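**Q** CSV, C-alpha atoms, saved as entry_30.csv, coming up:
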chain,number,residue,atom,x,y,z
A,1,MET,CA,-73.7,53.4,-42.4
A,2,GLN,CA,-72.5,56.5,-44.2
A,3,LEU,CA,-73.9,59.2,-46.4
A,4,LEU,CA,-71.5,60.3,-49.1
A,5,LEU,CA,-71.2,62.9,-51.8
A,6,LYS,CA,-69.4,61.0,-54.5
A,7,ASP,CA,-66.5,59.5,-52.5
A,8,LYS,CA,-66.5,62.1,-49.8
A,9,PRO,CA,-68.2,60.9,-46.5
A,10,LEU,CA,-70.5,63.5,-45.1
A,11,LEU,CA,-72.3,61.7,-42.3
A,12,THR,CA,-71.8,58.6,-40.2
A,13,ILE,CA,-74.8,56.8,-38.5
A,14,GLN,CA,-74.1,54.4,-35.7
A,15,ASP,CA,-76.1,51.3,-35.0
A,16,ASN,CA,-77.8,53.1,-32.1
A,17,GLY,CA,-79.0,55.9,-34.5
A,18,SER,CA,-76.5,58.6,-33.4
A,19,CYS,CA,-75.4,60.8,-36.2
A,20,THR,CA,-71.9,62.2,-36.6
A,21,ILE,CA,-71.5,65.0,-39.2
A,22,LEU,CA,-68.2,65.0,-41.1
A,23,ASP,CA,-68.9,67.7,-43.6
A,24,PHE,CA,-71.7,70.1,-42.7
A,25,ASP,CA,-71.4,72.4,-45.7
A,26,ARG,CA,-72.1,69.7,-48.3
A,27,LEU,CA,-74.9,67.9,-46.6
A,28,PRO,CA,-78.2,67.8,-48.4
A,29,PHE,CA,-80.1,71.0,-47.7
A,30,ALA,CA,-83.0,69.3,-46.0
A,31,ILE,CA,-80.7,67.8,-43.4
A,32,ARG,CA,-78.2,70.6,-43.1
A,33,LYS,CA,-78.8,70.8,-39.3
A,34,GLU,CA,-76.2,70.8,-36.5
A,35,ASN,CA,-78.2,68.4,-34.3
A,36,LEU,CA,-79.4,66.0,-37.0
A,37,THR,CA,-81.4,63.0,-35.9
A,38,PHE,CA,-81.7,59.6,-37.4
A,39,VAL,CA,-85.4,60.2,-37.9
A,40,GLU,CA,-84.7,63.3,-40.0
A,41,PHE,CA,-82.2,61.4,-42.0
A,42,MET,CA,-84.7,58.6,-42.6
A,43,GLU,CA,-87.3,61.1,-43.7
A,44,TRP,CA,-84.8,62.6,-46.2
A,45,ALA,CA,-83.9,59.2,-47.6
A,46,ALA,CA,-87.5,58.1,-47.9
A,47,ASN,CA,-88.4,61.2,-49.7
A,48,ARG,CA,-85.8,60.4,-52.4
A,49,THR,CA,-87.8,57.4,-53.7
A,50,LEU,CA,-90.6,57.0,-56.1
A,51,SER,CA,-94.2,57.4,-54.9
A,52,ILE,CA,-96.4,54.4,-55.1
A,53,GLY,CA,-98.8,56.6,-57.0
A,54,ARG,CA,-96.4,56.8,-59.9
A,55,SER,CA,-97.4,54.9,-63.0
A,56,TYR,CA,-96.1,51.3,-62.8
A,57,ALA,CA,-94.4,51.9,-59.4
A,58,LYS,CA,-95.9,48.7,-58.1
A,59,GLU,CA,-94.7,46.7,-61.1
A,60,ILE,CA,-91.1,48.1,-60.6
A,61,LEU,CA,-91.1,47.3,-56.9
A,62,ASN,CA,-92.7,43.9,-57.3
A,63,THR,CA,-90.1,42.9,-59.9
A,64,LEU,CA,-87.3,43.8,-57.5
A,65,ARG,CA,-89.0,42.3,-54.6
A,66,LEU,CA,-89.0,45.6,-52.7
A,67,PRO,CA,-91.6,46.7,-50.2
A,68,GLN,CA,-94.3,49.1,-51.3
A,69,SER,CA,-94.8,50.8,-48.0
A,70,ASN,CA,-91.2,51.2,-46.8
A,71,ARG,CA,-89.7,54.0,-48.8
A,72,TYR,CA,-86.7,54.2,-46.6
A,73,GLY,CA,-86.1,50.5,-47.3
A,74,ILE,CA,-86.3,51.2,-51.0
A,75,CYS,CA,-83.8,53.9,-50.7
A,76,LYS,CA,-81.3,51.7,-48.8
A,77,ALA,CA,-81.8,48.9,-51.4
A,78,CYS,CA,-80.6,51.2,-54.3
A,79,ARG,CA,-78.1,53.0,-52.2
A,80,GLY,CA,-80.2,56.2,-52.6
A,81,LEU,CA,-78.5,56.7,-56.0
A,82,SER,CA,-80.3,59.4,-58.0
A,83,LEU,CA,-79.7,61.4,-61.2
A,84,THR,CA,-80.6,64.6,-59.4
A,85,ASP,CA,-77.5,64.7,-57.3
A,86,SER,CA,-74.4,62.7,-56.3
A,87,TYR,CA,-75.4,61.6,-52.8
A,88,TRP,CA,-75.5,58.0,-51.9
A,89,ILE,CA,-75.7,55.6,-48.9
A,90,ARG,CA,-73.2,53.0,-48.1
A,91,ASP,CA,-73.5,50.5,-45.2
A,92,GLU,CA,-70.6,48.9,-43.4
A,93,ARG,CA,-70.5,45.8,-45.6
A,94,ASP,CA,-70.4,47.7,-48.8
A,95,GLU,CA,-66.9,48.1,-50.3
A,96,LYS,CA,-68.0,49.8,-53.5
A,97,THR,CA,-66.7,53.2,-54.6
A,98,TRP,CA,-68.5,56.1,-56.4
A,99,ASP,CA,-66.9,55.2,-59.7
A,100,GLU,CA,-68.3,51.7,-59.4
A,101,VAL,CA,-71.9,52.5,-58.4
A,102,ASN,CA,-72.8,55.9,-59.8
A,103,ILE,CA,-75.6,55.9,-62.4
A,104,PHE,CA,-74.4,58.9,-64.3
A,105,GLN,CA,-71.7,56.8,-66.0
A,106,ASN,CA,-72.3,53.1,-65.3
A,107,PRO,CA,-74.7,50.8,-67.3
A,108,LEU,CA,-78.3,50.8,-66.1
A,109,SER,CA,-80.6,47.9,-65.5
A,110,LEU,CA,-82.6,48.4,-68.7
A,111,PHE,CA,-85.2,45.8,-67.9
A,112,ILE,CA,-86.4,48.3,-65.3
A,113,THR,CA,-86.7,51.0,-68.0
A,114,GLU,CA,-89.0,48.6,-69.9
A,115,ILE,CA,-91.2,48.2,-66.8
A,116,SER,CA,-91.2,51.9,-66.2
A,117,LEU,CA,-92.5,52.8,-69.6
A,118,SER,CA,-94.8,49.8,-70.4
A,119,GLY,CA,-95.6,48.2,-67.0
A,120,ARG,CA,-94.6,44.9,-68.7
A,121,ASN,CA,-93.7,42.3,-66.1
A,122,VAL,CA,-90.2,41.0,-66.6
A,123,HIS,CA,-89.0,37.7,-65.1
A,124,TYR,CA,-85.7,38.3,-63.3
A,125,GLU,CA,-83.6,35.7,-61.6
A,126,ALA,CA,-83.3,35.6,-57.8
A,127,ARG,CA,-79.7,37.0,-58.0
A,128,ALA,CA,-81.3,40.4,-58.6
A,129,MET,CA,-82.4,40.3,-55.0
A,130,ASP,CA,-78.8,40.9,-54.1
A,131,ARG,CA,-78.8,44.6,-53.4
A,132,GLN,CA,-75.5,45.0,-55.3
A,133,GLU,CA,-77.4,44.2,-58.5
A,134,ILE,CA,-80.1,47.0,-58.3
A,135,HIS,CA,-78.6,49.7,-60.6
A,136,THR,CA,-81.3,52.0,-61.8
A,137,PRO,CA,-82.4,55.6,-61.5
A,138,GLU,CA,-86.1,54.6,-61.7
A,139,LEU,CA,-86.4,54.0,-57.9
A,140,THR,CA,-85.4,57.7,-57.3
A,141,THR,CA,-87.1,59.4,-60.2
A,142,LEU,CA,-90.0,61.3,-58.9
A,143,GLY,CA,-93.3,62.4,-60.5
A,144,ALA,CA,-96.5,60.5,-61.4
A,145,SER,CA,-96.4,59.8,-65.1
A,146,ALA,CA,-94.8,56.8,-66.7
A,147,LYS,CA,-91.2,57.5,-67.5
A,148,GLY,CA,-87.8,55.9,-68.0
A,149,TRP,CA,-84.1,56.8,-68.6
A,150,ILE,CA,-82.3,55.8,-71.8
A,151,ARG,CA,-78.7,56.5,-72.5
A,152,ARG,CA,-77.6,58.0,-75.8
A,153,GLU,CA,-74.0,58.7,-76.9
A,154,ASP,CA,-74.3,62.3,-75.7
A,155,GLY,CA,-75.9,61.6,-72.4
A,156,LEU,CA,-79.0,60.3,-70.5
A,157,TYR,CA,-82.5,61.2,-71.6
A,158,LEU,CA,-85.7,61.0,-69.7
A,159,HIS,CA,-88.6,59.6,-71.8
A,160,LYS,CA,-92.1,60.1,-70.4
A,161,VAL,CA,-95.7,60.3,-71.4
A,162,GLY,CA,-96.6,64.0,-71.6
A,163,LYS,CA,-97.2,65.7,-75.0
A,164,TYR,CA,-97.8,69.2,-73.4
A,165,GLU,CA,-94.1,69.5,-72.7
A,166,VAL,CA,-93.7,70.2,-76.5
A,167,PRO,CA,-96.0,73.2,-76.8
A,168,SER,CA,-94.8,74.5,-73.4
A,169,ASP,CA,-91.2,74.4,-74.8
A,170,GLU,CA,-92.3,76.4,-77.9
A,171,ILE,CA,-94.1,79.0,-75.8
A,172,LEU,CA,-91.4,79.5,-73.2
A,173,SER,CA,-88.8,79.8,-75.9
A,174,VAL,CA,-90.7,82.6,-77.6
A,175,LEU,CA,-91.0,84.3,-74.2
A,176,GLY,CA,-87.3,83.9,-73.5
A,177,ILE,CA,-87.9,82.0,-70.2
A,178,ARG,CA,-85.2,79.5,-69.3
A,179,HIS,CA,-86.6,75.9,-69.4
A,180,ILE,CA,-85.7,72.4,-70.2
A,181,PRO,CA,-86.5,71.6,-73.9
A,182,TYR,CA,-88.5,68.6,-74.8
A,183,GLN,CA,-89.0,66.7,-78.1
A,184,VAL,CA,-91.1,63.8,-79.3
A,185,SER,CA,-89.3,60.5,-78.8
A,186,GLU,CA,-88.4,58.5,-81.9
A,187,GLU,CA,-89.4,54.9,-82.4
A,188,LYS,CA,-85.8,53.8,-82.8
A,189,GLU,CA,-85.1,55.0,-79.2
A,190,ILE,CA,-88.1,53.6,-77.4
A,191,GLY,CA,-89.1,50.7,-79.5
A,192,LEU,CA,-87.3,48.1,-77.3
A,193,TYR,CA,-88.9,49.5,-74.1
A,194,VAL,CA,-92.5,50.3,-75.0
A,195,SER,CA,-94.8,47.4,-75.8
A,196,GLU,CA,-97.2,47.5,-78.7
A,197,GLU,CA,-100.1,47.4,-76.3
A,198,ARG,CA,-98.7,50.4,-74.5
A,199,LYS,CA,-98.1,52.3,-77.8
A,200,GLN,CA,-101.7,51.7,-78.9
A,201,TRP,CA,-103.0,53.0,-75.5
A,202,ILE,CA,-100.8,56.1,-75.8
A,203,GLU,CA,-102.0,56.8,-79.3
A,204,GLY,CA,-105.6,56.0,-78.3
A,205,VAL,CA,-105.7,58.7,-75.6
A,206,GLY,CA,-104.0,61.2,-77.8
A,207,GLU,CA,-100.7,61.3,-75.9
A,208,LYS,CA,-97.1,61.2,-76.9
A,209,ILE,CA,-93.8,60.0,-75.4
A,210,VAL,CA,-91.4,62.9,-75.2
A,211,ASN,CA,-87.9,63.3,-73.9
A,212,ALA,CA,-85.4,65.7,-72.4
A,213,ARG,CA,-81.7,65.4,-71.7
A,214,LEU,CA,-80.5,65.1,-68.1
A,215,PHE,CA,-79.7,68.6,-66.8
A,216,THR,CA,-77.7,67.6,-63.7
A,217,SER,CA,-74.3,66.0,-63.5
A,218,GLU,CA,-71.9,64.4,-61.1
A,219,ASP,CA,-70.7,68.0,-60.2
A,220,LEU,CA,-74.0,69.9,-60.4
A,221,SER,CA,-77.0,68.9,-58.3
A,222,LEU,CA,-80.7,69.9,-58.2
A,223,VAL,CA,-81.9,71.2,-54.8
A,224,THR,CA,-85.7,71.2,-54.9
A,225,PHE,CA,-87.7,74.0,-53.3
A,226,GLU,CA,-89.1,71.4,-51.0
A,227,ASP,CA,-85.6,70.7,-49.5
A,228,PHE,CA,-84.8,74.4,-49.6
A,229,HIS,CA,-88.1,75.1,-47.7
A,230,ILE,CA,-87.2,72.6,-45.0
A,231,PHE,CA,-83.7,74.1,-44.6
A,232,CYS,CA,-85.2,77.6,-44.3
A,233,GLU,CA,-87.7,76.6,-41.7
A,234,SER,CA,-84.9,75.0,-39.6
A,235,TYR,CA,-83.3,78.5,-39.4
A,236,GLY,CA,-86.4,80.6,-39.1
A,237,LEU,CA,-86.2,82.0,-42.6
A,238,ASP,CA,-89.0,82.8,-45.1
A,239,ALA,CA,-88.3,80.3,-47.9
A,240,TYR,CA,-90.2,82.3,-50.5
A,241,LYS,CA,-88.4,85.5,-49.7
A,242,GLU,CA,-85.0,83.7,-49.7
A,243,ALA,CA,-85.9,82.0,-53.0
A,244,LYS,CA,-86.6,85.3,-54.6
A,245,LYS,CA,-83.4,86.8,-53.3
A,246,ILE,CA,-81.3,84.1,-55.1
A,247,ASP,CA,-82.5,85.3,-58.5
A,248,PRO,CA,-85.4,87.7,-58.7
A,249,GLU,CA,-85.7,87.5,-62.4
A,250,SER,CA,-86.0,83.7,-62.6
A,251,TYR,CA,-88.5,83.7,-59.7
A,252,LEU,CA,-90.7,86.3,-61.4
A,253,GLN,CA,-90.4,84.6,-64.8
A,254,MET,CA,-91.7,81.4,-63.2
A,255,GLN,CA,-94.9,83.2,-62.2
A,256,ILE,CA,-95.5,84.5,-65.7
A,257,ALA,CA,-94.7,81.1,-67.2
A,258,ASP,CA,-97.1,79.2,-65.0
A,259,TYR,CA,-99.9,81.6,-65.7
A,260,ILE,CA,-99.5,81.6,-69.5
A,261,LEU,CA,-99.3,77.8,-69.4
A,262,ASN,CA,-102.0,77.6,-66.8
A,263,ASN,CA,-99.8,75.1,-65.0
A,264,ASN,CA,-101.4,73.5,-62.0
A,265,ASP,CA,-98.5,71.2,-61.0
A,266,ARG,CA,-95.7,73.5,-59.9
A,267,HIS,CA,-95.4,71.8,-56.5
A,268,GLU,CA,-92.3,72.0,-54.3
A,269,GLN,CA,-90.4,69.2,-56.1
A,270,ASN,CA,-91.0,70.8,-59.5
A,271,TRP,CA,-88.7,73.7,-59.2
A,272,GLY,CA,-85.5,74.5,-57.5
A,273,PHE,CA,-81.9,75.5,-57.7
A,274,PHE,CA,-78.5,74.2,-58.8
A,275,MET,CA,-75.9,73.3,-56.2
A,276,GLU,CA,-72.2,73.1,-56.9
A,277,ASN,CA,-71.1,69.8,-55.4
A,278,GLU,CA,-67.6,70.9,-54.7
A,279,THR,CA,-68.7,73.7,-52.4
A,280,GLY,CA,-72.2,72.8,-51.4
A,281,LYS,CA,-73.3,76.3,-52.5
A,282,LEU,CA,-76.4,77.2,-54.5
A,283,THR,CA,-75.4,78.8,-57.9
A,284,GLY,CA,-78.9,79.9,-59.2
A,285,TYR,CA,-82.2,78.6,-60.4
A,286,CYS,CA,-82.5,75.4,-62.4
A,287,PRO,CA,-84.3,76.0,-65.7
A,288,LEU,CA,-88.1,75.3,-65.5
A,289,PHE,CA,-89.2,71.7,-66.1
A,290,ASP,CA,-92.2,69.4,-65.9
A,291,HIS,CA,-95.1,71.1,-67.8
A,292,ASP,CA,-97.1,68.1,-68.8
A,293,HIS,CA,-99.9,69.3,-66.6
A,294,GLY,CA,-100.1,72.7,-68.3
A,295,PHE,CA,-103.1,74.1,-70.1
A,296,ALA,CA,-105.5,73.1,-67.4
A,297,PRO,CA,-109.1,73.5,-68.6
A,298,TYR,CA,-110.2,75.7,-65.7
A,299,GLU,CA,-109.5,79.2,-64.4
A,300,ASN,CA,-108.3,80.6,-61.1
A,301,VAL,CA,-105.6,78.0,-60.5
A,302,ILE,CA,-103.9,78.7,-57.1
A,303,SER,CA,-100.2,79.4,-57.2
A,304,GLN,CA,-97.9,77.0,-55.5
A,305,THR,CA,-94.8,79.2,-55.6
A,306,THR,CA,-96.0,82.1,-53.5
A,307,LYS,CA,-96.3,82.3,-49.7
A,308,GLU,CA,-99.8,83.9,-49.9
A,309,PRO,CA,-102.7,81.9,-51.4
A,310,VAL,CA,-103.1,83.9,-54.7
A,311,THR,CA,-104.0,82.7,-58.1
A,312,LEU,CA,-101.6,82.2,-61.0
A,313,PHE,CA,-103.0,85.3,-62.6
A,314,GLU,CA,-102.5,87.5,-59.5
A,315,ALA,CA,-98.9,86.2,-59.0
A,316,ALA,CA,-98.2,86.8,-62.7
A,317,VAL,CA,-99.6,90.4,-62.7
A,318,GLU,CA,-97.4,91.2,-59.7
A,319,ALA,CA,-94.4,89.6,-61.5
A,320,GLN,CA,-95.1,91.5,-64.7
A,321,ARG,CA,-95.3,94.7,-62.7
A,322,GLU,CA,-91.9,94.1,-61.2
A,323,LEU,CA,-90.1,92.5,-64.1
A,324,GLY,CA,-91.6,94.1,-67.2
A,325,GLY,CA,-90.9,92.2,-70.3
A,326,GLU,CA,-93.1,91.6,-73.4
A,327,VAL,CA,-95.5,88.8,-73.6
A,328,ARG,CA,-97.2,90.2,-76.8
A,329,ARG,CA,-94.7,88.3,-78.9
A,330,LEU,CA,-96.9,85.2,-78.4
A,331,ARG,CA,-99.2,86.9,-80.9
A,332,GLU,CA,-96.5,86.4,-83.5
A,333,MET,CA,-96.3,82.7,-83.3
A,334,GLY,CA,-98.7,80.1,-84.6
A,335,ASN,CA,-100.7,77.5,-82.7
A,336,PRO,CA,-98.1,75.1,-81.2
A,337,GLU,CA,-98.1,71.4,-82.0
A,338,PHE,CA,-100.5,69.3,-79.8
A,339,LEU,CA,-102.7,72.3,-78.7
A,340,SER,CA,-106.2,72.5,-79.9
A,341,GLU,CA,-107.5,75.8,-81.3
A,342,GLU,CA,-109.5,76.3,-78.1
A,343,GLN,CA,-106.4,75.7,-75.9
A,344,TRP,CA,-104.3,78.1,-78.0
A,345,GLY,CA,-107.1,80.7,-77.8
A,346,GLN,CA,-107.1,80.4,-74.0
A,347,VAL,CA,-103.3,81.0,-74.0
A,348,LEU,CA,-103.7,84.2,-76.0
A,349,GLU,CA,-106.6,85.2,-73.8
A,350,ARG,CA,-104.3,84.8,-70.7
A,351,GLU,CA,-101.6,86.8,-72.5
A,352,GLY,CA,-104.1,89.6,-73.1
A,353,LYS,CA,-105.3,89.7,-69.5
A,354,LEU,CA,-101.7,89.8,-68.3
A,355,ARG,CA,-100.9,92.7,-70.5
A,356,ALA,CA,-104.0,94.5,-69.3
A,357,GLY,CA,-103.3,93.6,-65.7
A,358,LYS,CA,-106.9,92.7,-65.1
Let's see the structure in the file written out as C-alpha cells.

**A**
Amino acid sequence: MQLLLKDKPLLTIQDNGSCTILDFDRLPFAIRKENLTFVEFMEWAANRTLSIGRSYAKEILNTLRLPQSNRYGICKACRGLSLTDSYWIRDERDEKTWDEVNIFQNPLSLFITEISLSGRNVHYEARAMDRQEIHTPELTTLGASAKGWIRREDGLYLHKVGKYEVPSDEILSVLGIRHIPYQVSEEKEIGLYVSEERKQWIEGVGEKIVNARLFTSEDLSLVTFEDFHIFCESYGLDAYKEAKKIDPESYLQMQIADYILNNNDRHEQNWGFFMENETGKLTGYCPLFDHDHGFAPYENVISQTTKEPVTLFEAAVEAQRELGGEVRRLREMGNPEFLSEEQWGQVLEREGKLRAGK
C-alpha cells in the first residue's frame, strides 16, 4: 500500500506494517515523522473521514455498505480522497492514476450528495460495493451539519444548512477580515438533491441552505491546526506560538472575529493554513471559514485558539491591543440578514466592549 500526493509516492507500507518514507518533506503534517509507525498512519487516515455524529452519516455509510465504527476502513474504501488536499491511498491491486481518481476534476457520485443533504435512502446496485465505484468527497468532508458538494461550471461548491454563515460574511467583510464568503443556495442548484420533506423541515426551523466555493485545489492544500498541532508536539514546539509566527495579523484577526461573532465552534479542524503541494511548505493562513455556530446566546465563551484557557473577549482584547484596527465601522452597517434585532444588538454590544477593552 502507498500514500501518494497526486501521482508522487510519499510512503510505502508493507504487509507487516513497516513504513518506508519516500518523500519526507511532502508528507501530511500530522505524520511528518522520521520514525513513522503504521498505527500513526492509521490514526491520520481515520481522522480524514466523516464523524458518525454528522447529519446523515449513517445513511451515507449504510448505502455504501461501509462500517460505522471503522473509520480507517472507510478511508481505505474511498482511497482517502478529499477536497482539502491531494493525498490518497492506493493498495497493491489498484492500478488507477491521480487523473483517473481525483475528485477535483472527475464526476462525483451525486446520489451520495442527495443522501448528504436530505438523508433520503437511495437504492444502489451491488456493483457499488466494488471500491472502485466509490467516488465522492462526502466520506472525507468533516463537520456536523448536513452538507453536500455540487459542481458548477466555475468549480465545486459546498452546500450546507447554516444561515449564520451569511451575516458572518457581511460582518467580517465590513471588518476587513479574510474569510470564505457564503450565499444562500438557489432552488435550481439544490432542487434535485433536497427532498420536499427536507425543505419543509429547514423552513420550519428557520434555517437556510447556503453555499461557498471550494477554496483548495489540486495544488493548494488545507493543513488544519489539528494536524499542525500534532506536528509541533512531535518536535517539542508550542503550536500556538508557531501558528502566530506564521502570520501574526491573521492570527490576531481570528481572535477579534470570533469574539464579535461569539463563535463557539473554532475547534482545531476549523482553522488552519495553506500548503503548497509542490514543496510541502506552508504559505500562510487559510481564510476563516465555518461560522454557522456563531452568535451563541451566552457570554464568556472559552477561546479554542489560545494556549491559555481565556474567554473570547479576553483573547480579542489582547489581539486588539497588539493589532489595532477599527471595529467601530460595524456601527455604520445595518442589521445583517438572518439576525434578529436582539442578536444584532449583542454584536454591537460586543463591539463596544472590545473598543473599551473592558

**Q** In Å to one decimal, how far is CA of Val210 in chain A from CA of Leu158 in chain A?

**A**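 Computing it gives 8.1 Å between the two atoms.
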
**Q** So which residues touch Glu43 in chain A within 12 Å, counting all atoms listed in the file, skipping near sequence neighbours fewer than 5 positions away, as a PyMOL selection string?

**A** chain A and resi 30-31+36-38+48-49+70-73+75+227+230

**Q** Report the distance between CA of Trp88 in chain A and CA of Lys6 in chain A in Å, rounded to one decimal place.

**A**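 Answer for the CA of Trp88 in chain A to CA of Lys6 in chain A separation: 7.3 Å.
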
**Q** Set the distance at 7 Å and use all atoms listed in the file: which residues neighbour Cys286 in chain A once local chain neighbours fewer than 5 positions away are removed? I'd like the list as a list in words.

**A**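 That gives Gly272, Phe273 and Phe274 of chain A.
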
**Q** Can you work out which one of A:Gly294, A:Pro28, A:Pro107, A:Gly325 has the shortest atom-to-atom distance to Pro167 in chain A, counting all atoms listed in the file?

**A** A:Gly294

**Q** List the neighbours of Met1 in chain A out to 8 Å using only C-alpha atoms; skip same-chain residues closer than 6 positions along the sequence, and give me the result as a list in words.

**A**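 Final neighbour list, sorted by chain and number: Thr12, Ile13, Gln14, Ile89, Arg90, Asp91 and Glu92 of chain A.
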
**Q** With all atoms listed in the file as the atoms that count, which of A:Asp7, A:Arg152, A:Glu34, A:Leu110 lies nearest to Glu95 in chain A?

**A**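 That would be A:Asp7, the residue with the smallest distance to Glu95 in chain A.
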
**Q** For each of A:Glu165, A:Glu203, A:Glu326, A:Glu268, take the minimum atom-to-atom distance to Phe225 in chain A, counting all atoms listed in the file, then give the residue where this is smallest.

**A**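 Closest to Phe225 in chain A of all the choices is A:Glu268.
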
**Q** Determine the nearest neighbour of Phe215 in chain A from the options A:Ala257, A:Ile202, A:Leu288, A:Val184, counting only C-alpha atoms.

**A**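 Selected residue with least distance to Phe215 in chain A: A:Leu288.
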
**Q** When you count all atoms listed in the file, which of these residues is closest to Asp23 in chain A: A:Pro9, A:Gly143, A:Gly80, A:Gly148?

**A** A:Pro9

**Q** Using all atoms listed in the file, determine which residues lie at most 12 Å from Leu282 in chain A, disregarding the query and same-chain residues fewer than 4 positions distant; provide the list as a PyMOL selection string.

**A** chain A and resi 25-26+28-29+220-225+228+242-243+245-247+272-278+286

**Q** Report, in Å to a single decimal, how far apart CA of Leu330 in chain A and CA of His159 in chain A are.

**A**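 Distance reported for this atom pair: 27.7 Å.
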
**Q** Let me make sure I understand: among A:Tyr240, A:Leu354, A:Asp292, A:Met333, which one has the smallest atom-to-atom distance to Thr305 in chain A if we use only C-alpha atoms?

**A**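 Answer, going by the shortest atom-to-atom distance: A:Tyr240.
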
**Q** Got a sec: who's within 7 Å of range 59-63 of chain A, counting only C-alpha atoms, leaving out chain neighbours fewer than 3 positions off, as a ChimeraX atom specification?

**A** /A:56,66-68,112,115-116,119,121-122

**Q** Could you write range 180-201 of chain A as an mmCIF file, keeping the file's coordinate frame, with N, CA and C atoms rebuilt where they are missing?

**A**
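Wrote it out as result21.cif, contents follow:
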data_model
loop_
_atom_site.group_PDB
_atom_site.id
_atom_site.type_symbol
_atom_site.label_atom_id
_atom_site.label_comp_id
_atom_site.auth_asym_id
_atom_site.auth_seq_id
_atom_site.Cartn_x
_atom_site.Cartn_y
_atom_site.Cartn_z
ATOM 1 N N ILE A 180 -86.257 73.574 -69.620
ATOM 2 C CA ILE A 180 -85.700 72.400 -70.200
ATOM 3 C C ILE A 180 -86.449 72.027 -71.474
ATOM 4 N N PRO A 181 -85.761 71.936 -72.616
ATOM 5 C CA PRO A 181 -86.500 71.600 -73.900
ATOM 6 C C PRO A 181 -86.826 70.162 -74.006
ATOM 7 N N TYR A 182 -87.978 69.916 -74.605
ATOM 8 C CA TYR A 182 -88.500 68.600 -74.800
ATOM 9 C C TYR A 182 -88.714 68.358 -76.334
ATOM 10 N N GLN A 183 -88.634 67.101 -76.769
ATOM 11 C CA GLN A 183 -89.000 66.700 -78.100
ATOM 12 C C GLN A 183 -89.662 65.356 -78.109
ATOM 13 N N VAL A 184 -90.377 65.061 -79.172
ATOM 14 C CA VAL A 184 -91.100 63.800 -79.300
ATOM 15 C C VAL A 184 -90.029 62.670 -79.428
ATOM 16 N N SER A 185 -90.182 61.588 -78.684
ATOM 17 C CA SER A 185 -89.300 60.500 -78.800
ATOM 18 C C SER A 185 -89.442 59.697 -80.071
ATOM 19 N N GLU A 186 -88.344 59.251 -80.645
ATOM 20 C CA GLU A 186 -88.400 58.500 -81.900
ATOM 21 C C GLU A 186 -88.530 57.007 -81.609
ATOM 22 N N GLU A 187 -89.177 56.328 -82.538
ATOM 23 C CA GLU A 187 -89.400 54.900 -82.400
ATOM 24 C C GLU A 187 -88.113 54.121 -82.186
ATOM 25 N N LYS A 188 -87.051 54.523 -82.871
ATOM 26 C CA LYS A 188 -85.800 53.800 -82.800
ATOM 27 C C LYS A 188 -85.189 53.872 -81.357
ATOM 28 N N GLU A 189 -85.609 54.894 -80.577
ATOM 29 C CA GLU A 189 -85.100 55.000 -79.200
ATOM 30 C C GLU A 189 -85.904 54.223 -78.219
ATOM 31 N N ILE A 190 -87.211 54.219 -78.388
ATOM 32 C CA ILE A 190 -88.100 53.600 -77.400
ATOM 33 C C ILE A 190 -88.691 52.289 -77.776
ATOM 34 N N GLY A 191 -88.445 51.867 -79.020
ATOM 35 C CA GLY A 191 -89.100 50.700 -79.500
ATOM 36 C C GLY A 191 -88.831 49.427 -78.680
ATOM 37 N N LEU A 192 -87.627 49.319 -78.110
ATOM 38 C CA LEU A 192 -87.300 48.100 -77.300
ATOM 39 C C LEU A 192 -87.913 48.163 -75.932
ATOM 40 N N TYR A 193 -88.397 49.311 -75.496
ATOM 41 C CA TYR A 193 -88.900 49.500 -74.100
ATOM 42 C C TYR A 193 -90.376 49.653 -73.987
ATOM 43 N N VAL A 194 -91.020 50.010 -75.070
ATOM 44 C CA VAL A 194 -92.500 50.300 -75.000
ATOM 45 C C VAL A 194 -93.199 49.199 -75.804
ATOM 46 N N SER A 195 -94.066 48.480 -75.135
ATOM 47 C CA SER A 195 -94.800 47.400 -75.800
ATOM 48 C C SER A 195 -95.785 47.921 -76.793
ATOM 49 N N GLU A 196 -96.184 47.062 -77.721
ATOM 50 C CA GLU A 196 -97.200 47.500 -78.700
ATOM 51 C C GLU A 196 -98.487 47.830 -78.078
ATOM 52 N N GLU A 197 -98.858 47.102 -77.042
ATOM 53 C CA GLU A 197 -100.100 47.400 -76.300
ATOM 54 C C GLU A 197 -100.022 48.820 -75.714
ATOM 55 N N ARG A 198 -98.875 49.121 -75.139
ATOM 56 C CA ARG A 198 -98.700 50.400 -74.500
ATOM 57 C C ARG A 198 -98.720 51.536 -75.606
ATOM 58 N N LYS A 199 -98.071 51.299 -76.731
ATOM 59 C CA LYS A 199 -98.100 52.300 -77.800
ATOM 60 C C LYS A 199 -99.508 52.551 -78.288
ATOM 61 N N GLN A 200 -100.308 51.498 -78.414
ATOM 62 C CA GLN A 200 -101.700 51.700 -78.900
ATOM 63 C C GLN A 200 -102.503 52.466 -77.838
ATOM 64 N N TRP A 201 -102.236 52.215 -76.556
ATOM 65 C CA TRP A 201 -103.000 53.000 -75.500
ATOM 66 C C TRP A 201 -102.584 54.446 -75.585
#
